[in-house]
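Shown here: target_24.txt, compact mmCIF, C-alpha atoms and all ligand atoms.
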```txt
# COMPACT_ATOMS: atom_id res chain seq x y z
CA MET A 1 6.67 -15.33 -9.02
CA ALA A 2 4.79 -13.92 -6.03
CA LEU A 3 6.36 -13.37 -2.62
CA PRO A 4 5.09 -12.37 0.79
CA THR A 5 6.14 -9.10 2.37
CA GLU A 6 5.01 -7.68 5.72
CA THR A 7 2.68 -5.23 3.94
CA VAL A 8 1.04 -7.14 1.06
CA TYR A 9 2.11 -9.86 -1.37
CA GLY A 10 4.25 -8.72 -4.29
CA LEU A 11 4.96 -9.95 -7.79
CA GLY A 12 8.72 -10.24 -8.06
CA ALA A 13 10.94 -9.64 -11.07
CA ASP A 14 14.66 -8.98 -11.47
CA ALA A 15 14.75 -5.18 -11.63
CA THR A 16 17.66 -5.28 -14.10
CA ASN A 17 15.92 -7.62 -16.53
CA LEU A 18 13.75 -5.78 -19.04
CA GLU A 19 12.06 -8.93 -20.29
CA ALA A 20 11.13 -9.97 -16.75
CA LEU A 21 9.75 -6.49 -16.05
CA GLN A 22 7.67 -6.49 -19.22
CA LYS A 23 6.24 -9.87 -18.28
CA LEU A 24 5.37 -8.49 -14.87
CA TYR A 25 3.58 -5.46 -16.34
CA ARG A 26 1.62 -7.71 -18.71
CA LEU A 27 0.60 -10.01 -15.89
CA LYS A 28 -0.57 -7.11 -13.73
CA GLY A 29 -2.26 -5.34 -16.62
CA ARG A 30 -0.44 -2.19 -15.54
CA PRO A 31 0.58 0.68 -17.82
CA GLN A 32 4.34 0.74 -18.49
CA SER A 33 4.68 4.37 -17.45
CA HIS A 34 4.00 3.48 -13.82
CA PRO A 35 7.13 2.97 -11.74
CA VAL A 36 7.75 -0.02 -9.46
CA ILE A 37 9.50 -0.24 -6.10
CA VAL A 38 12.90 -1.96 -5.97
CA HIS A 39 13.21 -4.27 -2.97
CA LEU A 40 16.62 -4.72 -1.35
CA HIS A 41 18.01 -6.72 1.57
CA SER A 42 20.98 -4.55 2.57
CA LEU A 43 21.96 -0.89 2.67
CA GLU A 44 25.05 -1.69 0.66
CA GLN A 45 22.90 -2.38 -2.38
CA VAL A 46 21.52 1.16 -2.35
CA LYS A 47 24.49 2.60 -4.23
CA ASP A 48 23.63 0.43 -7.25
CA TRP A 49 20.25 2.12 -7.48
CA ALA A 50 20.49 5.65 -6.13
CA ILE A 51 22.71 8.73 -6.02
CA GLU A 52 22.87 11.95 -4.01
CA LEU A 53 21.45 10.35 -0.90
CA SER A 54 20.68 12.79 1.90
CA ASP A 55 21.24 12.38 5.62
CA SER A 56 17.48 12.05 5.93
CA PHE A 57 17.60 8.94 3.77
CA TYR A 58 20.14 7.24 6.04
CA ILE A 59 18.36 8.31 9.22
CA LEU A 60 15.05 6.94 7.99
CA ALA A 61 16.66 3.76 6.64
CA GLU A 62 18.34 3.12 9.96
CA LYS A 63 15.12 3.70 11.86
CA PHE A 64 12.52 2.05 9.61
CA TRP A 65 14.30 -0.56 7.47
CA PRO A 66 13.61 -3.37 7.18
CA GLY A 67 9.98 -2.32 7.31
CA PRO A 68 6.99 -0.76 5.56
CA LEU A 69 8.65 2.42 4.29
CA THR A 70 9.46 3.17 0.64
CA MET A 71 11.80 6.06 -0.10
CA ILE A 72 11.84 7.87 -3.43
CA VAL A 73 15.38 9.00 -4.25
CA LYS A 74 17.45 10.10 -7.26
CA ARG A 75 18.13 7.11 -9.45
CA ALA A 76 21.59 5.88 -10.38
CA SER A 77 22.48 5.82 -14.05
CA GLY A 78 21.68 2.48 -15.60
CA VAL A 79 18.46 1.92 -13.66
CA LEU A 80 15.95 0.87 -16.29
CA ASP A 81 13.18 3.21 -17.40
CA ALA A 82 10.87 0.24 -17.00
CA VAL A 83 11.56 0.46 -13.25
CA THR A 84 11.30 4.21 -12.84
CA GLY A 85 8.61 4.93 -15.39
CA GLY A 86 11.20 7.06 -17.18
CA GLN A 87 11.64 9.41 -14.21
CA ASP A 88 14.93 10.42 -12.64
CA THR A 89 13.90 8.90 -9.32
CA VAL A 90 13.55 5.38 -8.00
CA GLY A 91 11.54 3.89 -5.12
CA LEU A 92 13.51 1.72 -2.69
CA ARG A 93 12.31 -0.46 0.14
CA MET A 94 13.76 -3.12 2.42
CA PRO A 95 10.95 -5.46 3.47
CA SER A 96 11.04 -7.20 6.85
CA HIS A 97 9.19 -10.42 6.06
CA PRO A 98 11.66 -13.28 6.68
CA VAL A 99 10.70 -15.05 3.45
CA ALA A 100 11.20 -11.86 1.43
CA ILE A 101 14.56 -11.21 3.10
CA ASP A 102 15.74 -14.80 2.51
CA LEU A 103 14.69 -14.61 -1.12
CA LEU A 104 16.40 -11.26 -1.61
CA LYS A 105 19.61 -12.51 -0.01
CA GLU A 106 19.59 -15.62 -2.13
CA PHE A 107 18.88 -13.60 -5.26
CA GLY A 108 21.46 -10.94 -4.41
CA GLY A 109 20.07 -8.14 -6.60
CA GLY A 110 17.16 -5.71 -6.54
CA LEU A 111 13.71 -7.12 -6.98
CA ALA A 112 10.95 -5.06 -8.56
CA ALA A 113 7.82 -6.02 -6.66
CA PRO A 114 4.48 -4.32 -7.21
CA SER A 115 1.56 -5.58 -5.19
CA ALA A 116 0.36 -8.95 -6.53
CA ASN A 117 -3.03 -7.83 -7.79
CA LYS A 118 -4.40 -6.97 -11.19
CA PHE A 119 -4.13 -3.24 -11.85
CA GLY A 120 -6.74 -1.33 -9.87
CA ARG A 121 -7.83 -4.20 -7.67
CA ILE A 122 -7.37 -4.92 -3.96
CA SER A 123 -3.85 -5.98 -2.95
CA PRO A 124 -3.59 -9.57 -1.69
CA THR A 125 -2.52 -10.29 1.88
CA THR A 126 -2.52 -14.10 1.64
CA ALA A 127 -1.02 -16.59 -0.82
CA LEU A 128 -4.52 -17.86 -1.56
CA ALA A 129 -5.69 -14.38 -2.56
CA VAL A 130 -2.76 -14.17 -5.00
CA LYS A 131 -3.72 -17.51 -6.52
CA GLU A 132 -7.31 -16.39 -6.88
CA GLU A 133 -6.16 -13.20 -8.57
CA PHE A 134 -3.97 -14.81 -11.22
CA GLY A 135 -4.92 -18.51 -11.43
CA SER A 136 -2.74 -20.47 -13.83
CA GLU A 137 -1.19 -17.29 -15.25
CA LEU A 138 1.21 -17.28 -12.30
CA LYS A 139 3.61 -20.22 -11.87
CA MET A 140 4.73 -19.78 -8.28
CA VAL A 141 3.49 -18.19 -5.08
CA LEU A 142 5.72 -18.35 -2.00
CA ASP A 143 3.38 -18.80 0.94
CA GLY A 144 4.55 -16.74 3.92
CA GLY A 145 1.22 -16.66 5.73
CA ALA A 146 -1.02 -13.64 6.20
CA CYS A 147 0.71 -10.26 5.95
CA ASP A 148 1.25 -8.54 9.26
CA VAL A 149 0.81 -4.89 8.25
CA GLY A 150 -1.94 -5.46 5.70
CA ILE A 151 -1.77 -2.25 3.64
CA GLU A 152 1.02 -1.08 1.33
CA SER A 153 4.12 0.72 2.56
CA THR A 154 4.21 4.42 3.33
CA ILE A 155 5.92 6.21 0.41
CA VAL A 156 8.03 9.25 1.21
CA ASP A 157 9.64 11.35 -1.50
CA LEU A 158 13.18 12.43 -0.59
CA SER A 159 14.29 13.10 -4.13
CA GLY A 160 15.07 16.67 -3.34
CA SER A 161 13.22 18.74 -5.88
CA HIS A 162 11.71 20.30 -2.75
CA LEU A 163 13.30 20.58 0.68
CA GLU A 164 10.66 18.75 2.64
CA PRO A 165 10.08 15.03 2.56
CA ARG A 166 6.64 14.52 1.09
CA ILE A 167 4.32 11.62 1.76
CA LEU A 168 3.11 10.27 -1.60
CA ARG A 169 1.17 7.35 -0.13
CA PRO A 170 0.15 7.17 3.54
CA GLY A 171 0.66 3.87 5.32
CA MET A 172 1.15 2.54 8.81
CA ILE A 173 4.40 4.46 9.30
CA LEU A 174 3.01 7.92 9.98
CA PRO A 175 4.31 11.35 8.97
CA HIS A 176 4.78 12.03 12.67
CA ASP A 177 7.02 8.93 13.02
CA LEU A 178 9.25 10.25 10.22
CA PHE A 179 9.24 13.71 11.72
CA VAL A 180 10.28 12.44 15.16
CA ALA A 181 13.08 10.30 13.71
CA LEU A 182 14.48 13.24 11.73
CA ARG A 183 14.15 15.73 14.57
CA LYS A 184 15.89 13.41 17.03
CA ARG A 185 18.89 13.30 14.80
CA GLY A 186 19.18 17.05 14.65
CA GLU A 187 17.87 17.56 11.18
CA ASN A 188 16.57 21.08 10.81
CA THR A 189 12.90 20.55 11.50
CA ALA A 190 12.00 23.96 10.19
CA GLU A 191 13.02 22.69 6.80
CA ILE A 192 12.41 19.00 7.13
CA HIS A 193 8.82 18.97 7.92
CA VAL A 194 6.82 16.00 6.76
CA LYS A 195 3.96 17.24 4.73
CA GLU A 196 0.93 15.01 4.52
CA SER A 197 0.13 15.69 0.92
CA ALA A 198 -1.24 12.42 -0.34
CA SER A 199 -4.64 13.86 -1.14
CA ASP A 200 -3.17 16.57 -3.29
CA VAL A 201 -0.58 14.51 -5.11
CA GLU A 202 -0.98 16.06 -8.49
CA THR A 203 0.87 13.39 -10.37
CA PRO A 204 -0.52 10.23 -11.91
CA ARG A 205 2.85 8.52 -11.47
CA VAL A 206 1.61 6.94 -8.27
CA PRO A 207 -1.10 4.54 -9.42
CA GLY A 208 -2.14 4.24 -5.81
CA ALA A 209 -3.08 7.89 -6.12
CA LEU A 210 -5.62 7.29 -8.87
CA PRO A 211 -9.03 7.66 -7.27
CA SER A 212 -10.42 4.22 -8.13
CA HIS A 213 -7.46 2.19 -6.98
CA TYR A 214 -7.87 -0.69 -4.51
CA ALA A 215 -11.50 -1.16 -5.48
CA PRO A 216 -13.69 -4.17 -4.85
CA VAL A 217 -15.99 -5.12 -7.74
CA THR A 218 -19.02 -4.49 -5.56
CA ARG A 219 -19.99 -0.86 -5.10
CA THR A 220 -18.58 0.29 -1.76
CA ASP A 221 -19.80 3.24 0.34
CA LEU A 222 -18.11 4.78 3.34
CA VAL A 223 -20.63 5.91 5.93
CA PRO A 224 -19.96 8.02 9.05
CA SER A 225 -20.63 6.23 12.34
CA HIS A 226 -23.56 8.41 13.34
CA LEU A 227 -25.38 7.65 10.08
CA LEU A 228 -24.57 3.94 9.87
CA HIS A 229 -27.63 2.49 11.55
CA LYS A 230 -29.99 4.82 9.75
CA THR A 231 -28.40 4.25 6.34
CA ILE A 232 -28.77 0.49 6.68
CA GLU A 233 -32.30 0.75 8.03
CA GLN A 234 -33.35 2.94 5.14
CA TYR A 235 -31.95 0.58 2.54
CA ALA A 236 -34.81 -1.26 0.88
CA ASP A 237 -33.09 -4.57 0.21
CA ARG A 238 -31.18 -5.06 3.45
CA LYS A 239 -30.53 -8.72 2.65
CA SER A 240 -28.28 -7.63 -0.19
CA LEU A 241 -26.03 -5.47 2.00
CA ALA A 242 -22.57 -6.40 3.22
CA VAL A 243 -21.19 -4.32 6.10
CA ILE A 244 -17.96 -3.64 7.95
CA SER A 245 -18.67 -1.86 11.22
CA PHE A 246 -16.87 -1.25 14.49
CA SER A 247 -19.59 -2.79 16.63
CA ALA A 248 -22.22 -5.48 16.35
CA LEU A 249 -25.33 -4.16 14.64
CA SER A 250 -28.80 -5.44 14.88
CA VAL A 251 -30.91 -4.19 12.05
CA GLU A 252 -33.86 -6.26 10.96
CA GLY A 253 -33.26 -7.91 7.62
CA LEU A 254 -29.50 -7.54 7.72
CA ASN A 255 -27.90 -10.92 7.14
CA ALA A 256 -25.54 -11.69 10.06
CA SER A 257 -23.14 -13.56 7.77
CA ASN A 258 -22.80 -10.40 5.64
CA LEU A 259 -21.56 -8.40 8.62
CA ILE A 260 -17.94 -8.10 9.71
CA VAL A 261 -17.23 -6.43 13.04
CA ALA A 262 -13.79 -4.88 12.59
CA GLU A 263 -11.07 -4.28 15.16
CA GLN A 264 -10.89 -0.93 16.98
CA ASP A 265 -7.12 -0.81 16.85
CA PRO A 266 -5.69 0.63 13.60
CA SER A 267 -2.90 -1.96 13.24
CA ALA A 268 -5.32 -4.83 13.67
CA TYR A 269 -7.84 -3.14 11.37
CA ALA A 270 -5.23 -2.65 8.64
CA ARG A 271 -4.04 -6.25 8.95
CA ALA A 272 -7.53 -7.53 8.17
CA LEU A 273 -8.78 -4.78 5.85
CA TYR A 274 -8.08 -6.27 2.40
CA ALA A 275 -9.07 -9.79 3.46
CA ASN A 276 -12.34 -8.36 4.80
CA LEU A 277 -13.02 -6.47 1.59
CA ARG A 278 -12.26 -9.59 -0.45
CA ILE A 279 -14.63 -11.69 1.66
CA LEU A 280 -17.48 -9.21 1.32
CA ASP A 281 -16.77 -8.70 -2.39
CA SER A 282 -16.96 -12.45 -2.97
CA LEU A 283 -20.50 -12.49 -1.52
CA LYS A 284 -21.56 -10.53 -4.62
CA GLN A 285 -24.10 -8.42 -2.80
CA SER A 286 -25.42 -5.15 -4.20
CA LEU A 287 -23.53 -2.83 -1.86
CA ILE A 288 -20.71 -2.93 0.69
CA ILE A 289 -21.11 -0.37 3.47
CA VAL A 290 -18.03 0.46 5.53
CA GLU A 291 -18.27 2.46 8.75
CA GLU A 292 -15.86 5.38 8.53
CA PRO A 293 -12.84 5.06 10.80
CA PRO A 294 -11.79 7.91 13.10
CA GLN A 295 -10.20 11.05 11.60
CA THR A 296 -7.05 10.69 13.72
CA PRO A 297 -3.60 10.33 12.08
CA GLU A 298 -3.12 6.63 12.95
CA TRP A 299 -6.01 5.88 10.63
CA SER A 300 -4.77 7.95 7.68
CA GLY A 301 -3.39 5.03 5.63
CA ILE A 302 -6.56 3.03 6.22
CA ARG A 303 -8.80 5.99 5.41
CA ASP A 304 -6.86 6.55 2.20
CA ARG A 305 -7.44 2.95 1.04
CA LEU A 306 -11.11 3.05 2.03
CA LEU A 307 -11.66 6.32 0.18
CA ARG A 308 -10.16 4.78 -2.95
CA ALA A 309 -12.12 1.55 -2.51
CA SER A 310 -15.29 3.59 -2.31
CA SER A 311 -14.71 6.13 -5.06
CA LYS A 312 -16.77 5.82 -8.20
O1 LIG B 1 4.12 -2.32 0.45
C1 LIG B 1 4.45 -2.13 -0.71
O2 LIG B 1 5.02 -1.07 -1.08
C2 LIG B 1 4.16 -3.24 -1.72
C3 LIG B 1 4.98 -4.48 -1.35
C4 LIG B 1 4.83 -5.61 -2.33
O3 LIG B 1 6.32 -4.11 -1.19
N1 LIG B 1 4.41 -2.83 -3.04
C5 LIG B 1 3.62 -1.95 -3.69
O4 LIG B 1 3.98 -1.75 -5.01
O5 LIG B 1 2.66 -1.42 -3.18
P1 LIG B 1 3.00 -1.07 -6.07
O6 LIG B 1 3.75 -1.17 -7.36
O7 LIG B 1 1.67 -1.70 -6.01
O8 LIG B 1 2.95 0.40 -5.62
C6 LIG B 1 4.15 1.14 -5.68
C7 LIG B 1 3.86 2.58 -5.70
C8 LIG B 1 3.15 2.99 -6.94
O9 LIG B 1 2.10 3.81 -6.56
C9 LIG B 1 4.23 3.71 -7.72
O10 LIG B 1 3.73 4.69 -8.56
C10 LIG B 1 5.07 4.30 -6.61
O11 LIG B 1 5.10 3.28 -5.67
N2 LIG B 1 6.41 4.58 -7.08
C11 LIG B 1 7.40 3.70 -7.38
N3 LIG B 1 8.49 4.34 -7.83
C12 LIG B 1 8.20 5.67 -7.81
C13 LIG B 1 8.90 6.85 -8.17
N4 LIG B 1 10.14 6.80 -8.64
N5 LIG B 1 8.28 8.03 -8.01
C14 LIG B 1 7.02 8.09 -7.53
N6 LIG B 1 6.29 7.01 -7.18
C15 LIG B 1 6.86 5.82 -7.32
MG MG B 2 -0.34 -1.78 -5.88
```

Before we go any further, please render this structure as structure tokens.
Amino acid sequence: MALPTETVYGLGADATNLEALQKLYRLKGRPQSHPVIVHLHSLEQVKDWAIELSDSFYILAEKFWPGPLTMIVKRASGVLDAVTGGQDTVGLRMPSHPVAIDLLKEFGGGLAAPSANKFGRISPTTALAVKEEFGSELKMVLDGGACDVGIESTIVDLSGSHLEPRILRPGMILPHDLFVALRKRGENTAEIHVKESASDVETPRVPGALPSHYAPVTRTDLVPSHLLHKTIEQYADRKSLAVISFSALSVEGLNASNLIVAEQDPSAYARALYANLRILDSLKQSLIIVEEPPQTPEWSGIRDRLLRASSK
């Protein structure tokens, strides 16, 4: 079954049911060694999943849950290897989408919910996109409308093998937001310093960290703003280009219906990003060109997804 969350749609399975988890992995086409996030509706449930929780965990939970933050913590005994990928940690998140919360309350347990896309493809942000992804393979999609955040949750590792929280996957909750929340509560900021290390995550246990994740089928290039016009102009078959830019472009030969002018605000840009990529991908043109967003921190989650979408 697929469910809406505020980030992207997820494929839900009882995280204590091995058979359900195996079915989920098969449906996604995802290797079994890759861990999934357990979704919860209350802080009380955390003790069933995790041990040795730090003050930082509770501070961040209080500040950012329910919401688009996943925390990697030491797993409790009994948590299935199929959930953790055989590691001694588990990823926990409390989503804020009302439909997800209602479902979780009704269900009562922890729900494993990877993004509702085939392995390596763009995450869906509408119920329709989920249906298109899986067709008759998937029995039920709960339609909660378009996702508000639009890219997957920020993942922070608090599992303690190192003193500092580490960002494993950037998202719309920024390292600075975590830093401020921890500092305000008197955590020693000299030690608890949020390191933005997503680009040098050395481990393949975060599939989102594989270079070709989140990719459209169509080849996708990221182009810096100052080269955008020129790059398009120099392209021989401009009719076969699809473009996401920050401003209207007039280049002769460029098909206006292949051009999406994106929002300047990072939250609005993220909300529309995957839908925009899906639209342009469905046009089956020869190349998608995306204007590079600014280098500033608010764009880091978006830049991360675009870099992966465009890597060969
Ligand atoms: O926003 C989201 O997080 C969405 C919605 C549906 O909640 N879910 C999502 O799940 O993006 P998925 O499975 O597509 O990505 C989860 C990421 C993977 O990259 C996985 O490797 C990582 O979380 N992850 C889960 N448990 C982990 C663990 N114990 N250690 C390290 N990484 C972990
Ligand atoms: Mg995913």

Which residues come within 8 Å of stretch 259-265 of chain A, counting all atoms listed in the file, excluding same-chain residues fewer than 2 positions away, as a ChimeraX atom specification? /A:242-248,255-257,267-269,276

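Interatomic distance, atom CA of A:Arg121 to atom CA of A:Ala215: 5.2 Å.
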
Within 8 Å of ligand LIG 1 (chain B): each chain A residue with its shortest pair, all atoms listed in the file, as JSON lines:
```
{"residue": "A:Leu3", "atom": "CA", "partner": "B:LIG1", "partner_atom": "C4", "distance": 7.9}
{"residue": "A:Pro4", "atom": "CA", "partner": "B:LIG1", "partner_atom": "C4", "distance": 7.4}
{"residue": "A:Thr5", "atom": "CA", "partner": "B:LIG1", "partner_atom": "C4", "distance": 6.0}
{"residue": "A:Glu6", "atom": "CA", "partner": "B:LIG1", "partner_atom": "O1", "distance": 7.6}
{"residue": "A:Thr7", "atom": "CA", "partner": "B:LIG1", "partner_atom": "O1", "distance": 4.8}
{"residue": "A:Val8", "atom": "CA", "partner": "B:LIG1", "partner_atom": "C4", "distance": 5.3}
{"residue": "A:Tyr9", "atom": "CA", "partner": "B:LIG1", "partner_atom": "C4", "distance": 5.1}
{"residue": "A:Gly10", "atom": "CA", "partner": "B:LIG1", "partner_atom": "C4", "distance": 3.7}
{"residue": "A:Leu11", "atom": "CA", "partner": "B:LIG1", "partner_atom": "C4", "distance": 7.0}
{"residue": "A:His34", "atom": "CA", "partner": "B:LIG1", "partner_atom": "O10", "distance": 5.4}
{"residue": "A:Pro35", "atom": "CA", "partner": "B:LIG1", "partner_atom": "N3", "distance": 4.4}
{"residue": "A:Val36", "atom": "CA", "partner": "B:LIG1", "partner_atom": "C11", "distance": 4.3}
{"residue": "A:Ile37", "atom": "CA", "partner": "B:LIG1", "partner_atom": "C11", "distance": 4.6}
{"residue": "A:Val38", "atom": "CA", "partner": "B:LIG1", "partner_atom": "N3", "distance": 7.9}
{"residue": "A:His39", "atom": "CA", "partner": "B:LIG1", "partner_atom": "O3", "distance": 7.1}
{"residue": "A:Pro68", "atom": "CA", "partner": "B:LIG1", "partner_atom": "O1", "distance": 6.1}
{"residue": "A:Leu69", "atom": "CA", "partner": "B:LIG1", "partner_atom": "O2", "distance": 7.4}
{"residue": "A:Thr70", "atom": "CA", "partner": "B:LIG1", "partner_atom": "O2", "distance": 6.4}
{"residue": "A:Ile72", "atom": "CA", "partner": "B:LIG1", "partner_atom": "N4", "distance": 5.6}
{"residue": "A:Val73", "atom": "CA", "partner": "B:LIG1", "partner_atom": "N4", "distance": 7.2}
{"residue": "A:Val83", "atom": "CA", "partner": "B:LIG1", "partner_atom": "N3", "distance": 7.3}
{"residue": "A:Thr84", "atom": "CA", "partner": "B:LIG1", "partner_atom": "N4", "distance": 5.1}
{"residue": "A:Gly85", "atom": "CA", "partner": "B:LIG1", "partner_atom": "N4", "distance": 7.2}
{"residue": "A:Gln87", "atom": "CA", "partner": "B:LIG1", "partner_atom": "N4", "distance": 6.3}
{"residue": "A:Asp88", "atom": "CA", "partner": "B:LIG1", "partner_atom": "N4", "distance": 7.2}
{"residue": "A:Thr89", "atom": "CA", "partner": "B:LIG1", "partner_atom": "N4", "distance": 4.4}
{"residue": "A:Val90", "atom": "CA", "partner": "B:LIG1", "partner_atom": "N4", "distance": 3.7}
{"residue": "A:Gly91", "atom": "CA", "partner": "B:LIG1", "partner_atom": "N3", "distance": 4.1}
{"residue": "A:Leu92", "atom": "CA", "partner": "B:LIG1", "partner_atom": "N3", "distance": 7.6}
{"residue": "A:Arg93", "atom": "CA", "partner": "B:LIG1", "partner_atom": "O3", "distance": 7.1}
{"residue": "A:Pro95", "atom": "CA", "partner": "B:LIG1", "partner_atom": "O3", "distance": 6.7}
{"residue": "A:Ala113", "atom": "CA", "partner": "B:LIG1", "partner_atom": "C4", "distance": 5.3}
{"residue": "A:Pro114", "atom": "CA", "partner": "B:LIG1", "partner_atom": "O6", "distance": 3.2}
{"residue": "A:Ser115", "atom": "CA", "partner": "B:LIG1", "partner_atom": "O7", "distance": 4.0}
{"residue": "A:Ala116", "atom": "CA", "partner": "B:LIG1", "partner_atom": "C4", "distance": 7.0}
{"residue": "A:Asn117", "atom": "CA", "partner": "B:LIG1", "partner_atom": "O7", "distance": 7.9}
{"residue": "A:Ser123", "atom": "CA", "partner": "B:LIG1", "partner_atom": "O7", "distance": 7.6}
{"residue": "A:Ile151", "atom": "CA", "partner": "B:LIG1", "partner_atom": "O1", "distance": 6.7}
{"residue": "A:Glu152", "atom": "CA", "partner": "B:LIG1", "partner_atom": "O1", "distance": 3.5}
{"residue": "A:Ser153", "atom": "CA", "partner": "B:LIG1", "partner_atom": "O1", "distance": 3.7}
{"residue": "A:Thr154", "atom": "CA", "partner": "B:LIG1", "partner_atom": "O2", "distance": 7.1}
{"residue": "A:Ile155", "atom": "CA", "partner": "B:LIG1", "partner_atom": "O11", "distance": 6.8}
{"residue": "A:Asp157", "atom": "CA", "partner": "B:LIG1", "partner_atom": "C14", "distance": 7.3}
{"residue": "A:Leu168", "atom": "CA", "partner": "B:LIG1", "partner_atom": "N6", "distance": 7.2}
{"residue": "A:Arg169", "atom": "CA", "partner": "B:LIG1", "partner_atom": "O9", "distance": 7.4}
{"residue": "A:Pro204", "atom": "CA", "partner": "B:LIG1", "partner_atom": "O10", "distance": 7.7}
{"residue": "A:Arg205", "atom": "CA", "partner": "B:LIG1", "partner_atom": "O10", "distance": 4.9}
{"residue": "A:Val206", "atom": "CA", "partner": "B:LIG1", "partner_atom": "O10", "distance": 3.1}
{"residue": "A:Pro207", "atom": "CA", "partner": "B:LIG1", "partner_atom": "O9", "distance": 4.4}
{"residue": "A:Gly208", "atom": "CA", "partner": "B:LIG1", "partner_atom": "O9", "distance": 4.3}
{"residue": "A:Ala209", "atom": "CA", "partner": "B:LIG1", "partner_atom": "O9", "distance": 6.6}
```

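Pairwise distance (atom CA of A:Val149, atom CA of A:Pro224) equals 24.5 Å.
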
Taking into account all atoms listed in the file, which residue in the set A:Ile51, A:Val99, A:Ala309, A:Ile122 is nearest to ligand MG 2 (chain B)? A:Ile122

Excluding stretch 286-294 of chain A and residues on its chain fewer than 3 positions from it, collect all residues at most 9 Å away from it, counting only C-alpha atoms, and give them as a PyMOL selection string. chain A and resi 218-225+227-228+232+237+240-246+264+266+277+280-281+297-300+302-303+306+310
